[in-house]
Structures are given as C-alpha cells and as structure tokens.
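*Asks:* My structure is stored as upload-v2.cif, with mmCIF, C-alpha atoms.
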data_structure
loop_
_atom_site.label_atom_id
_atom_site.label_comp_id
_atom_site.auth_asym_id
_atom_site.auth_seq_id
_atom_site.Cartn_x
_atom_site.Cartn_y
_atom_site.Cartn_z
CA MET A 1 81.45 85.89 95.26
CA ALA A 2 82.78 88.47 97.66
CA ALA A 3 86.26 87.91 99.05
CA SER A 4 86.42 86.88 102.67
CA VAL A 5 89.13 86.88 105.32
CA HIS A 6 89.15 84.32 108.11
CA CYS A 7 90.39 84.30 111.69
CA GLN A 8 92.21 87.64 111.75
CA PRO A 9 93.59 88.80 115.12
CA ALA A 10 92.03 92.19 115.82
CA TYR A 11 91.30 94.91 118.37
CA VAL A 12 88.27 97.17 118.35
CA LEU A 13 89.27 100.84 118.10
CA HIS A 14 85.77 102.23 118.19
CA SER A 15 82.21 101.07 117.80
CA ARG A 16 79.02 103.02 117.40
CA PRO A 17 75.38 101.93 117.25
CA TYR A 18 73.98 101.28 113.78
CA LYS A 19 70.26 100.72 113.11
CA GLU A 20 68.30 98.93 115.83
CA THR A 21 70.63 96.11 116.80
CA SER A 22 73.86 96.43 114.79
CA ALA A 23 77.11 98.29 115.29
CA LEU A 24 79.61 100.01 113.02
CA VAL A 25 83.03 98.93 114.21
CA SER A 26 86.48 100.28 113.43
CA LEU A 27 89.19 97.64 113.98
CA LEU A 28 92.94 97.29 113.97
CA THR A 29 93.86 93.92 112.42
CA LEU A 30 97.17 92.12 112.06
CA ASP A 31 97.41 91.67 108.30
CA TYR A 32 94.93 94.24 106.98
CA GLY A 33 95.54 97.25 109.20
CA ARG A 34 92.56 99.40 110.04
CA ILE A 35 89.25 98.17 108.67
CA ASP A 36 85.64 99.25 109.17
CA GLY A 37 82.86 96.71 109.42
CA VAL A 38 79.24 96.11 110.38
CA ALA A 39 78.51 93.64 113.16
CA ARG A 40 74.89 92.62 112.66
CA GLY A 41 72.64 91.91 115.60
CA VAL A 42 75.42 92.56 118.05
CA ARG A 43 73.32 94.91 120.18
CA GLN A 44 70.50 92.41 120.65
CA LYS A 45 69.80 91.62 124.28
CA LYS A 46 71.00 88.04 124.03
CA SER A 47 73.97 88.65 121.78
CA ARG A 48 77.14 87.09 123.16
CA ASN A 49 79.24 89.40 121.00
CA ARG A 50 77.93 92.48 122.77
CA ALA A 51 80.55 92.10 125.48
CA LEU A 52 83.25 91.07 123.01
CA LEU A 53 83.12 93.95 120.59
CA GLN A 54 84.73 96.60 122.70
CA PRO A 55 88.18 98.14 122.86
CA LEU A 56 90.93 96.20 124.71
CA GLN A 57 89.44 92.76 124.09
CA PRO A 58 91.83 90.63 121.98
CA LEU A 59 89.69 89.14 119.20
CA GLN A 60 89.83 86.81 116.27
CA LEU A 61 87.26 87.48 113.61
CA SER A 62 86.33 87.00 109.98
CA TRP A 63 84.77 89.29 107.43
CA ARG A 64 83.53 89.34 103.89
CA GLY A 65 82.95 92.04 101.32
CA ASP A 66 84.96 93.98 98.76
CA ALA A 67 83.65 97.42 99.67
CA SER A 68 85.33 99.55 102.31
CA LEU A 69 82.65 98.51 104.84
CA LYS A 70 82.97 94.78 105.62
CA THR A 71 80.45 92.41 107.16
CA LEU A 72 81.95 90.91 110.31
CA PHE A 73 81.23 87.35 111.46
CA ASP A 74 82.65 84.55 113.63
CA ILE A 75 83.77 86.95 116.34
CA GLU A 76 85.70 85.02 118.98
CA PRO A 77 87.67 86.12 122.06
CA CYS A 78 91.38 85.44 121.80
CA GLY A 79 92.54 86.13 125.32
CA GLN A 80 91.22 87.83 128.44
CA LEU A 81 89.83 91.33 128.63
CA PRO A 82 92.43 93.16 130.75
CA LEU A 83 91.11 94.89 133.88
CA LEU A 84 92.45 98.40 133.51
CA GLY A 85 92.30 101.35 135.87
CA GLY A 86 91.35 104.90 135.00
CA ARG A 87 94.58 106.38 133.70
CA ALA A 88 95.31 103.33 131.58
CA LEU A 89 91.84 103.64 130.03
CA SER A 90 92.58 107.24 129.06
CA CYS A 91 95.80 105.96 127.42
CA VAL A 92 93.80 103.43 125.41
CA LEU A 93 91.36 106.12 124.25
CA TYR A 94 94.36 108.25 123.29
CA ALA A 95 96.05 105.43 121.33
CA ASN A 96 92.76 104.61 119.59
CA GLU A 97 92.17 108.22 118.65
CA LEU A 98 95.70 108.42 117.19
CA LEU A 99 95.16 105.26 115.13
CA ASN A 100 91.75 106.39 113.98
CA ARG A 101 93.10 109.77 112.89
CA LEU A 102 96.39 108.74 111.31
CA LEU A 103 96.07 105.24 109.82
CA LEU A 104 94.78 104.81 106.29
CA PRO A 105 92.22 102.01 105.99
CA GLN A 106 93.33 98.61 104.74
CA GLU A 107 97.07 99.07 104.83
CA ALA A 108 98.92 96.22 106.53
CA VAL A 109 100.73 97.38 109.69
CA PRO A 110 101.83 94.16 111.45
CA GLU A 111 104.61 95.76 113.56
CA LEU A 112 102.24 98.45 114.76
CA PHE A 113 99.65 95.79 115.63
CA ARG A 114 102.22 93.96 117.75
CA GLU A 115 103.25 97.21 119.46
CA TYR A 116 99.58 97.97 120.17
CA ALA A 117 99.06 94.51 121.69
CA LEU A 118 102.17 95.06 123.80
CA LEU A 119 100.89 98.48 124.87
CA ILE A 120 97.62 96.96 126.10
CA ALA A 121 99.46 94.18 127.92
CA GLN A 122 101.82 96.65 129.61
CA LEU A 123 99.15 99.16 130.61
CA GLN A 124 98.30 96.93 133.56
CA GLN A 125 101.53 98.08 135.21
CA PRO A 126 101.13 101.78 136.09
CA ASP A 127 104.89 102.56 135.98
CA GLN A 128 105.05 101.26 132.41
CA LEU A 129 102.31 103.63 131.17
CA GLU A 130 104.52 106.35 129.74
CA PRO A 131 107.36 104.23 128.30
CA SER A 132 104.93 101.89 126.54
CA LEU A 133 102.89 104.81 125.16
CA ARG A 134 106.09 106.40 123.80
CA CYS A 135 107.24 103.13 122.17
CA PHE A 136 103.81 102.84 120.58
CA GLU A 137 103.89 106.43 119.31
CA TRP A 138 107.34 105.94 117.83
CA GLN A 139 106.31 102.73 116.11
CA LEU A 140 103.31 104.63 114.72
CA LEU A 141 105.63 107.38 113.41
CA GLU A 142 107.81 104.76 111.77
CA THR A 143 104.78 103.06 110.19
CA LEU A 144 103.62 106.39 108.79
CA GLY A 145 107.02 107.00 107.22
CA TYR A 146 108.39 109.57 109.71
CA PRO A 147 110.67 107.48 111.97
CA LEU A 148 112.57 109.13 114.82
CA ILE A 149 116.24 108.79 113.92
CA PHE A 150 118.59 109.54 116.78
CA ALA A 151 121.30 111.28 114.75
CA ASP A 152 121.82 114.92 113.81
CA HIS A 153 120.47 116.24 110.50
CA LYS A 154 123.77 115.47 108.74
CA GLY A 155 123.73 111.87 109.93
CA GLY A 156 126.39 112.33 112.63
CA ALA A 157 126.03 110.90 116.16
CA LEU A 158 124.30 112.98 118.84
CA GLN A 159 126.71 114.54 121.35
CA PRO A 160 125.79 114.26 125.06
CA ASP A 161 126.78 117.86 125.88
CA GLN A 162 125.02 119.47 122.89
CA ASN A 163 121.41 120.71 122.79
CA TYR A 164 119.15 119.89 119.86
CA SER A 165 115.85 120.97 118.32
CA TYR A 166 113.69 118.50 116.42
CA HIS A 167 112.03 118.96 113.03
CA TRP A 168 109.64 116.27 111.80
CA GLN A 169 111.22 116.10 108.33
CA SER A 170 114.88 116.97 108.79
CA GLY A 171 115.54 115.56 112.29
CA PHE A 172 117.77 116.91 115.07
CA HIS A 173 119.58 120.25 114.69
CA PRO A 174 122.18 121.55 117.17
CA VAL A 175 120.84 124.66 119.00
CA GLN A 176 121.49 126.69 122.15
CA ASN A 177 118.34 125.62 124.04
CA GLY A 178 116.42 122.43 123.38
CA PHE A 179 116.55 118.69 124.01
CA LYS A 180 119.67 117.74 125.95
CA GLY A 181 121.98 115.39 124.04
CA ASP A 182 122.47 112.99 126.97
CA GLN A 183 118.68 112.65 127.40
CA LEU A 184 118.24 111.87 123.71
CA LEU A 185 120.96 109.23 123.97
CA ALA A 186 119.11 107.71 126.94
CA LEU A 187 115.95 107.62 124.79
CA GLN A 188 117.83 105.95 121.98
CA GLU A 189 118.75 103.17 124.39
CA GLN A 190 115.19 103.14 125.77
CA ASN A 191 116.47 103.90 129.24
CA TRP A 192 113.38 105.36 130.94
CA SER A 193 114.58 105.55 134.53
CA GLU A 194 114.99 109.36 134.74
CA PRO A 195 111.80 111.46 135.05
CA GLU A 196 113.48 114.21 132.99
CA VAL A 197 114.05 111.72 130.17
CA LEU A 198 110.35 110.73 130.25
CA LYS A 199 109.40 114.39 130.04
CA ALA A 200 111.71 114.93 127.07
CA ALA A 201 110.28 111.82 125.36
CA LYS A 202 106.75 113.16 125.75
CA LYS A 203 107.73 116.54 124.32
CA LEU A 204 109.55 114.88 121.44
CA SER A 205 106.50 112.73 120.62
CA ARG A 206 104.27 115.78 120.61
CA ILE A 207 106.54 117.71 118.25
CA ALA A 208 106.86 114.72 115.93
CA LEU A 209 103.12 113.96 115.82
CA GLN A 210 101.90 117.54 115.60
CA PRO A 211 102.41 118.09 111.84
CA LEU A 212 100.69 114.77 111.07
CA LEU A 213 97.67 115.59 113.22
CA GLY A 214 97.17 119.06 111.77
CA ASP A 215 95.17 121.83 113.40
CA LYS A 216 92.49 119.71 115.04
CA PRO A 217 93.63 118.94 118.60
CA LEU A 218 93.37 115.42 120.05
CA LEU A 219 90.36 115.37 122.37
CA SER A 220 91.71 112.49 124.43
CA ARG A 221 94.58 114.70 125.66
CA GLN A 222 91.96 116.61 127.68
CA LEU A 223 91.25 113.40 129.61
CA PHE A 224 94.68 113.51 131.20
CA GLN A 225 94.10 117.01 132.49
CA ALA A 226 91.31 116.32 135.03
CA GLY A 227 93.54 115.35 137.93
CA SER A 228 96.38 117.70 137.14
CA ALA A 229 94.08 120.73 136.76
CA ASN A 230 92.68 120.05 140.21
CA LYS A 231 96.13 119.68 141.68
CA ALA A 232 97.07 123.06 140.27
CA ASP A 233 93.85 124.47 141.73
CA SER A 234 94.54 123.14 145.20
CA VAL A 235 98.11 124.44 145.22
CA GLU A 236 96.90 127.88 144.22
CA SER A 237 93.98 127.91 146.60
CA LYS A 238 95.99 126.86 149.65
CA PRO A 239 97.23 130.35 150.58
CA ASN A 240 93.61 131.55 150.60
CA LEU A 241 92.46 128.90 153.05
CA MET B 1 54.79 106.24 88.97
CA ALA B 2 55.89 108.32 91.94
CA PHE B 3 53.96 109.74 94.90
CA SER B 4 52.87 113.35 94.76
CA PRO B 5 55.54 115.81 96.03
CA LEU B 6 54.00 116.37 99.47
CA VAL B 7 53.57 112.64 100.18
CA GLU B 8 57.15 112.11 99.02
CA GLU B 9 58.28 114.88 101.37
CA LEU B 10 56.49 113.22 104.30
CA ILE B 11 58.20 109.90 103.53
CA THR B 12 61.61 111.58 103.40
CA ALA B 13 60.91 113.42 106.66
CA LEU B 14 59.97 110.21 108.48
CA ARG B 15 63.33 108.72 107.59
CA CYS B 16 65.06 110.90 110.16
CA LEU B 17 63.81 108.46 112.83
CA PRO B 18 66.30 105.79 113.94
CA GLY B 19 65.81 102.42 112.28
CA VAL B 20 63.38 103.77 109.65
CA GLY B 21 64.43 103.06 106.09
CA PRO B 22 62.62 103.97 102.84
CA LYS B 23 60.13 101.06 103.04
CA SER B 24 59.12 101.63 106.68
CA ALA B 25 58.84 105.38 106.05
CA GLN B 26 56.51 104.74 103.13
CA ARG B 27 54.38 102.33 105.20
CA MET B 28 54.12 104.87 108.04
CA ALA B 29 53.22 107.75 105.73
CA LEU B 30 50.54 105.76 103.89
CA HIS B 31 49.09 104.47 107.15
CA LEU B 32 48.79 108.00 108.56
CA LEU B 33 47.25 109.38 105.38
CA GLU B 34 44.88 106.48 104.66
CA ARG B 35 43.70 105.29 108.05
CA GLU B 36 44.95 107.36 110.97
CA ARG B 37 44.38 111.03 110.15
CA GLU B 38 43.34 111.86 113.69
CA GLY B 39 46.43 110.20 115.15
CA GLY B 40 48.51 111.99 112.56
CA PHE B 41 47.20 115.39 113.64
CA ARG B 42 47.87 114.49 117.26
CA LEU B 43 51.39 113.38 116.37
CA ALA B 44 52.10 116.55 114.41
CA GLU B 45 50.79 118.77 117.14
CA THR B 46 52.62 116.98 120.00
CA LEU B 47 55.80 116.83 118.01
CA GLU B 48 55.73 120.53 117.37
CA ARG B 49 54.95 121.38 120.98
CA SER B 50 57.69 119.07 122.33
CA LEU B 51 60.33 120.37 119.98
CA GLU B 52 59.45 123.89 120.91
CA HIS B 53 59.27 123.51 124.67
CA VAL B 54 61.31 120.49 125.81
CA GLY B 55 64.82 121.39 126.88
CA GLN B 56 67.27 120.32 129.54
CA CYS B 57 66.58 120.57 133.27
CA GLN B 58 68.81 123.29 134.73
CA GLU B 59 69.71 121.02 137.62
CA CYS B 60 70.20 117.53 136.18
CA ARG B 61 70.19 118.05 132.39
CA THR B 62 67.44 115.50 131.77
CA LEU B 63 64.79 116.26 129.15
CA THR B 64 61.90 118.32 130.47
CA GLU B 65 59.57 121.14 129.41
CA GLU B 66 60.02 122.88 132.76
CA PRO B 67 63.09 124.86 133.84
CA VAL B 68 63.69 122.33 136.65
CA CYS B 69 62.28 118.78 136.37
CA GLY B 70 59.82 117.23 138.84
CA LEU B 71 62.42 114.92 140.32
CA CYS B 72 64.83 117.73 141.10
CA ARG B 73 62.02 119.80 142.65
CA SER B 74 60.71 116.95 144.80
CA GLU B 75 61.29 117.46 148.53
CA ARG B 76 61.19 113.73 149.13
CA ARG B 77 64.37 113.02 147.18
CA ASP B 78 67.61 112.92 149.12
CA ALA B 79 69.78 115.76 147.81
CA SER B 80 72.92 114.35 149.41
CA LEU B 81 72.93 111.35 147.03
CA LEU B 82 73.66 112.02 143.37
CA CYS B 83 73.57 109.33 140.70
CA VAL B 84 75.41 110.15 137.44
CA VAL B 85 73.98 108.41 134.35
CA GLU B 86 74.74 108.65 130.63
CA THR B 87 71.28 109.18 129.14
CA PRO B 88 67.69 110.02 130.16
CA ALA B 89 66.85 106.39 129.24
CA ASP B 90 69.38 105.17 131.84
CA GLN B 91 67.76 107.46 134.40
CA ILE B 92 64.31 105.98 133.67
CA ALA B 93 65.74 102.45 133.96
CA MET B 94 67.22 103.26 137.38
CA GLU B 95 63.94 104.81 138.52
CA GLN B 96 61.94 101.78 137.38
CA ALA B 97 64.33 99.47 139.21
CA GLY B 98 63.53 101.44 142.38
CA GLY B 99 65.67 101.42 145.49
CA PHE B 100 67.30 104.77 144.84
CA SER B 101 65.96 107.83 146.61
CA GLY B 102 68.57 110.42 145.64
CA ARG B 103 68.80 112.75 142.66
CA TYR B 104 70.34 112.34 139.24
CA PHE B 105 72.72 114.03 136.86
CA VAL B 106 72.39 113.14 133.17
CA LEU B 107 75.58 113.47 131.11
CA THR B 108 73.82 112.98 127.74
CA GLY B 109 76.64 110.73 126.50
CA HIS B 110 80.09 109.54 127.50
CA LEU B 111 83.64 110.68 126.79
CA SER B 112 84.47 109.50 123.29
CA PRO B 113 87.36 111.34 121.66
CA ILE B 114 86.87 109.61 118.30
CA ASP B 115 83.28 110.91 118.15
CA GLY B 116 84.50 114.35 119.17
CA ILE B 117 82.90 114.21 122.64
CA GLY B 118 85.23 115.67 125.26
CA PRO B 119 84.66 116.76 128.87
CA ASP B 120 83.11 120.07 127.77
CA ALA B 121 80.24 118.41 125.91
CA LEU B 122 79.04 116.53 129.01
CA GLY B 123 78.42 119.51 131.30
CA LEU B 124 81.02 118.28 133.78
CA ASP B 125 81.68 121.75 135.21
CA GLN B 126 77.95 121.96 135.92
CA LEU B 127 78.22 118.62 137.75
CA GLU B 128 81.15 119.85 139.85
CA GLU B 129 79.28 123.05 140.66
CA LYS B 130 76.18 121.07 141.69
CA VAL B 131 78.17 118.73 143.96
CA ARG B 132 79.77 121.73 145.63
CA ARG B 133 76.59 123.80 145.98
CA ASP B 134 74.20 121.05 147.12
CA GLN B 135 76.75 119.61 149.57
CA VAL B 136 76.36 116.16 148.05
CA GLN B 137 77.71 113.38 150.32
CA GLU B 138 77.93 110.57 147.77
CA VAL B 139 78.24 110.60 143.98
CA ILE B 140 77.29 107.26 142.41
CA LEU B 141 78.85 106.81 138.99
CA ALA B 142 76.36 104.76 136.95
CA THR B 143 77.96 105.09 133.51
CA ASN B 144 77.97 101.99 131.30
CA PRO B 145 80.61 99.29 131.87
CA THR B 146 82.28 99.98 128.52
CA VAL B 147 85.76 101.41 127.98
CA GLU B 148 84.29 104.86 127.32
CA GLY B 149 81.91 104.59 130.30
CA GLU B 150 84.76 103.55 132.61
CA ALA B 151 86.97 106.35 131.33
CA THR B 152 84.13 108.83 131.95
CA ALA B 153 83.67 107.52 135.50
CA HIS B 154 87.40 107.78 136.12
CA TYR B 155 87.52 111.33 134.77
CA ILE B 156 84.65 112.41 137.04
CA SER B 157 86.17 110.79 140.11
CA GLU B 158 89.48 112.59 139.47
CA MET B 159 87.60 115.84 138.95
CA LEU B 160 85.82 115.47 142.29
CA GLN B 161 88.74 114.19 144.35
CA HIS B 162 89.45 117.55 145.95
CA LEU B 163 85.86 117.90 147.22
CA PRO B 164 84.62 116.33 150.48
CA VAL B 165 82.45 113.71 148.74
CA THR B 166 82.47 109.90 148.54
CA VAL B 167 82.58 108.69 144.94
CA THR B 168 81.23 105.19 144.30
CA ARG B 169 80.84 103.06 141.17
CA LEU B 170 78.06 100.62 140.30
CA ALA B 171 79.15 96.99 140.87
CA HIS B 172 79.77 94.62 137.96
CA GLY B 173 78.17 91.24 138.25
CA ILE B 174 76.22 88.32 136.95
CA PRO B 175 72.61 89.06 135.92
CA VAL B 176 69.97 87.85 138.37
CA GLY B 177 68.70 84.45 137.20
CA GLY B 178 71.72 84.05 134.89
CA GLU B 179 73.69 80.88 134.30
CA LEU B 180 77.46 81.02 134.64
CA GLU B 181 77.92 78.76 131.63
CA TYR B 182 76.48 81.33 129.25
CA ILE B 183 78.12 84.45 130.65
CA ASP B 184 80.97 86.08 128.78
CA GLY B 185 84.49 85.89 130.23
CA GLY B 186 84.84 89.63 130.83
CA THR B 187 81.74 89.80 133.04
CA LEU B 188 82.75 86.64 134.91
CA SER B 189 86.27 87.84 135.66
CA ARG B 190 84.93 91.17 136.91
CA ALA B 191 82.35 89.40 139.06
CA MET B 192 85.17 87.29 140.50
CA ALA B 193 87.38 90.33 141.15
CA GLY B 194 84.50 92.17 142.87
CA ARG B 195 83.24 89.26 145.02
CA LEU B 196 81.69 90.06 148.41
CA PRO B 197 81.73 88.29 151.79
CA MET B 198 78.67 86.04 152.24
CA ALA B 199 76.01 87.72 154.41
CA LYS B 200 75.37 85.80 157.62
#
Would you mind giving the structure from this file in structure tokens?

*Replies:*
Amino acid sequence: MAASVHCQPAYVLHSRPYKETSALVSLLTLDYGRIDGVARGVRQKKSRNRALLQPLQPLQLSWRGDASLKTLFDIEPCGQLPLLGGRALSCVLYANELLNRLLLPQEAVPELFREYALLIAQLQQPDQLEPSLRCFEWQLLETLGYPLIFADHKGGALQPDQNYSYHWQSGFHPVQNGFKGDQLLALQEQNWSEPEVLKAAKKLSRIALQPLLGDKPLLSRQLFQAGSANKADSVESKPNL
Amino acid sequence: MAFSPLVEELITALRCLPGVGPKSAQRMALHLLEREREGGFRLAETLERSLEHVGQCQECRTLTEEPVCGLCRSERRDASLLCVVETPADQIAMEQAGGFSGRYFVLTGHLSPIDGIGPDALGLDQLEEKVRRDQVQEVILATNPTVEGEATAHYISEMLQHLPVTVTRLAHGIPVGGELEYIDGGTLSRAMAGRLPMAK
C-alpha cells in the first residue's frame, strides 16, 4: 500500500498540461517542501479543480505514492485567490522560478513556506513589493544553508562609516568602495524606508543568489524590464522630438 | 512475437502525437495497414506537404502556408483593432464566437520563466513594430486568465504604454447559462470586482 499524505497546505509553483485532461503540477507544501504530482482529469471542461490548481491560490490537498511523482487528490481551496496587479504577478513568477530552480524536492521547509505565504499576502500592497521579496529571498538563502549574517568576516559588528563587499561564503569584508555600513545596519533592522537601502538590499540579494543559480540567468528578471526599458527609451528619444 | 521492424517503426512514430500511448499507436497503425490504406496514403502525403510548407504568417504569426494569412490580407478586417491571443486555437475560438472584426496577433504561448519562455520567444518586438506601423488604435489582450496569461498581458501593456494606443483586457465573468452555486470562488470574486452598471 502506497504511503499517502492528507490535507497538506500547499501552493502551486507551476503546472503544465499532461496527456489529454491531466496536469503535471509542481507544489510548495508546508511539511514536505517542493513536490511534483499528477492531477488527473483536472483539465476536463467540468473540472472544478481547473480554477484551483494555479499559482497564488492557497490550497489544501492530499497525495499518495512513494515515487517522486505523486498522485494528487482531494484538492480544496484554503483561502481566497488574491487579486494581484501586473508587477506583483511578475514577482510571483520570479519567486516561483527561484523555488523551482533552487529547492530540492521533498525536503521540509516550513519557515520558507510561511515566508512565501506572507509574500503572497503582502504583494497586494504595492509599496511592500520589494521589502517582502527581499525577506523571502533571505529566508530562501537561510533555508539553503547560506544565511546573510550582518557581521564582518571575523564576526565583528558592522561599522556605519565603513564600506563592505559581500562574498557568499565568507560574508562581509571591509573595502574602499562597496555597501555602506549604515545601509547594511538599516537592513539588519529591516528598516526599508530609504530608497537607497532598498537598492542596496536588491544588489545584496543578487550577489548572494548568483553563485547558487549558476550561469543560467533567471528568465523572470526580464519581466521587470519591460516598463523600465521603455522609460529609458523615452528619456533618450526626447531630445530628438 | 513482435511486429516486423517497419510496422514497429510506424507504431513508435505515431506515439509522437499528444495523448497517444503504445496501445493507441498500435491500434492506429494496424487500422491504417489493414483497412484504411487509401486514407493512410492521404495522411502521409498531407502530413509531408504541411510540414514542408506551413509556417508562421509574417504579420500575425498564426500557422499558414502563405507568407501572409488570408485574415491579415483581407480588406474587410479593421486594421486599427488588434486582438492578442496565445495560440492559433484561441484565434479560431474567437473567430467562431464572431463579433470581432479586427485583426489578430498570435503569441504562440505565454510568458513562463520555469518553462524557459521569456519575452523573446513570443515575438513581442514584432508585436510592438506592428502596432507602430499599422497605427493600431486598440490592442485587446485576450491571453488566458491564468497567472502566466495575466503576467503576459501586463508585460505587453507596459511595453506599449509609450505608444498612442488604447490597451484593453478581456473581461472576467460568469459563463453564460452558468449557475452561481457551482462557480469557483476565484471567478466569482473577479466577476464581482468587474461588475457593470445595469443597461437601461
């Protein structure tokens, strides 16, 4: 008899069509981390689960099977599908791509699951987009065993008037030009009010995630560039008009 | 006992079709060889011709054997209206529904970073170029109401925001003849959020 798991809180990271009416679904679950499963008949015209099995929807579901591909059943909604605007959707695609790339299947990551749920809840407030994404990224780094520790490489406290560089294994090193000490201290206290601090946080996340992601770039980063590329265009083209 | 090599090869080849497993492939191959030789020849010949000649329309990227498809060439279609859909099948569905007299642009997919589909794969620069060149007045984003479809629609609307064009999105709602009781919560809450004043 194959082992089964009942009523697990979960989020869909990705689903793709499988055979005529089924779907292959990649999920983030509370107690079992990332799992892959087959949802049979979910793409039938009358299937109620069709609308449920998509990213963002908080779910509770069960599965059976010992192999790496589970059979999903009893899929139930566990809260409302948040109505998200465009930029927030790009953030979700980005978070899902990160999880899909970096998480090993079937390793419990309960803190990360909670941070992900929080991220989705907070994405409805546009000014929270960046801080909540950063918190999520840092929780992900911690889960993967590379936590950001706000101390210099010898374990001493960061000095506000010193500049630092960051290395993913050894941490912060004092340098001439780099992250400003006072900004890093603001990040340590999760004080996101300064735009410069947000910028530094983004750069820090990128440097910390880069070695884990390897050479293949994240495609979802391109999604954030549509608006900004156009803005650059219009600034440049103005003198010609 | 096994089938002879050529029959076996035919069965394997048929399995490239979606939803066709070993049993169905065997049934199809035996049917063609035993009872439907004429149909089989027709199939082989059409398949070869289609694969050789059918490509993408230079204007809208739908599947066609001509450089520009019939719909894009038609004088009767309104060039100032452009409907953006994900697949040729979506385009056919919109056409069968009727009520739309503009032209189309087929993305052949949606943005899906996990599947490795980024903006470049969807011909979005071609779309921007077309909107600019044809002086399109309204772009209707008819991508699917999924997270990826919404993200694609959002990306396109940001891309077009500096052009003098109105960008609209298909409405979300309750299916005609549907019963509220049996409709999922997501659809209902969107239908509620997008409610319209009652026509007098």

*Asks:* Could you list, as a list in words, the residues of chain B having an atom within 7 Å of chain A when counting all atoms listed in the file?

*Replies:*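 Residues satisfying the distance criterion: Pro18, Gly19, Pro113, Ile114, Gly116, Gly118, Val147, Ala151, His154, Tyr155, Glu158, Met159, Asp184 and Gly186 of chain B.
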
*Asks:* Using all atoms listed in the file, which residues of region 108-178 of chain B come within 7 Å of region 71-88 of chain B, and what is the closest atom pair for each, with the distance in Å to one decimal? Give it as CSV, sorted by chain and residue number.

*Replies:*
residue,atom,partner,partner_atom,distance
B:Thr108,CA,B:Thr87,CA,4.8
B:Gly109,CA,B:Glu86,CA,5.0
B:His110,CA,B:Glu86,CA,6.3
B:Asp134,CA,B:Ala79,CA,6.9
B:Gln135,CA,B:Ser80,CA,6.5
B:Val136,CA,B:Ser80,CA,4.1
B:Gln137,CA,B:Ser80,CA,5.0
B:Glu138,CA,B:Leu81,CA,5.1
B:Val139,CA,B:Leu82,CA,4.8
B:Ile140,CA,B:Cys83,CA,4.6
B:Leu141,CA,B:Val84,CA,5.0
B:Ala142,CA,B:Val85,CA,5.1
B:Thr143,CA,B:Val85,CA,5.3

*Asks:* Quick one: pull the distance between CA of Ser157 (chain B) and CA of Met198 (chain B), Å, one decimal.

*Replies:* 28.6 Å

*Asks:* Counting only C-alpha atoms, find the residues whose atoms lie at most 12 Å from (87.7, 91.6, 139.3) (file coordinates) and write them out as a PyMOL selection string.

*Replies:* (chain A and resi 81-85) or (chain B and resi 171-173+185-196)

*Asks:* Evaluate the PyMOL selection byres ((chain A and resi 132-139) around 8) here and jot the selected residues down as a ChimeraX atom specification.

*Replies:* /A:91,95,111-112,115-116,118-119,122-123,128-131,140-143,147-148,201-202,205

*Asks:* With all atoms listed in the file as the atoms that count, which of B:Ile11, B:Val54, B:Thr146, B:Ile117 lies nearest to Leu33 (chain B)?

*Replies:* B:Ile11

*Asks:* To one decimal place in Å, what is the distance between CA of Gly98 (chain B) and CA of Glu148 (chain B)?

*Replies:*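 So the answer is 25.9 Å.
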
*Asks:* Can you measure CA of Leu204 (chain A) to CA of Pro126 (chain A) for me? One decimal in Å is fine.

*Replies:*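 These atoms are spaced 21.4 Å apart.
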
*Asks:* Using the chain letters and residue numbers of this document, give as a ChimeraX atom specification the residues selected by the PyMOL selection byres ((chain A and resi 161) around 10).

*Replies:* /A:158-160,162-164,180-183

*Asks:* Write a file of the just-selected residues containing C-alpha atoms, as a compact mmCIF listing (two decimals), in the coordinates of the input.

*Replies:*
# COMPACT_ATOMS: atom_id res chain seq x y z
CA LEU A 158 124.30 112.98 118.84
CA GLN A 159 126.71 114.54 121.35
CA PRO A 160 125.79 114.26 125.06
CA GLN A 162 125.02 119.47 122.89
CA ASN A 163 121.41 120.71 122.79
CA TYR A 164 119.15 119.89 119.86
CA LYS A 180 119.67 117.74 125.95
CA GLY A 181 121.98 115.39 124.04
CA ASP A 182 122.47 112.99 126.97
CA GLN A 183 118.68 112.65 127.40

*Asks:* Fewer than 5 positions away in the same chain doesn't count, so skip those; otherwise give me all residues within 9 Å of Leu187 (chain A), counting all atoms listed in the file, as a ChimeraX atom specification.

*Replies:* /A:150,182,192,197-198,200-201

*Asks:* Write out as an NGL selection string which residues come within 9 Å of Trp168 (chain A) when counting all atoms listed in the file, dropping same-chain ones fewer than 5 positions away.

*Replies:* :A and (146-148 or 207-211)

*Asks:* Emit the selected residues as a short mmCIF file (atom, residue, chain, number, x, y, z; two decimals), in the coordinates of the input, including C-alpha atoms.

*Replies:*
data_model
loop_
_atom_site.label_atom_id
_atom_site.label_comp_id
_atom_site.auth_asym_id
_atom_site.auth_seq_id
_atom_site.Cartn_x
_atom_site.Cartn_y
_atom_site.Cartn_z
CA TYR A 146 108.39 109.57 109.71
CA PRO A 147 110.67 107.48 111.97
CA LEU A 148 112.57 109.13 114.82
CA ILE A 207 106.54 117.71 118.25
CA ALA A 208 106.86 114.72 115.93
CA LEU A 209 103.12 113.96 115.82
CA GLN A 210 101.90 117.54 115.60
CA PRO A 211 102.41 118.09 111.84
#

*Asks:* Could you pull the residues within 12 Å of Ser4 (chain A), counting all atoms listed in the file, minus those fewer than 6 positions along the same chain, as a list in words?

*Replies:*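 Here the answer would be Leu61, Ser62, Trp63, Arg64, Gly65, Asp66, Ala67, Lys70, Thr71, Leu72, Phe73 and Asp74 of chain A.
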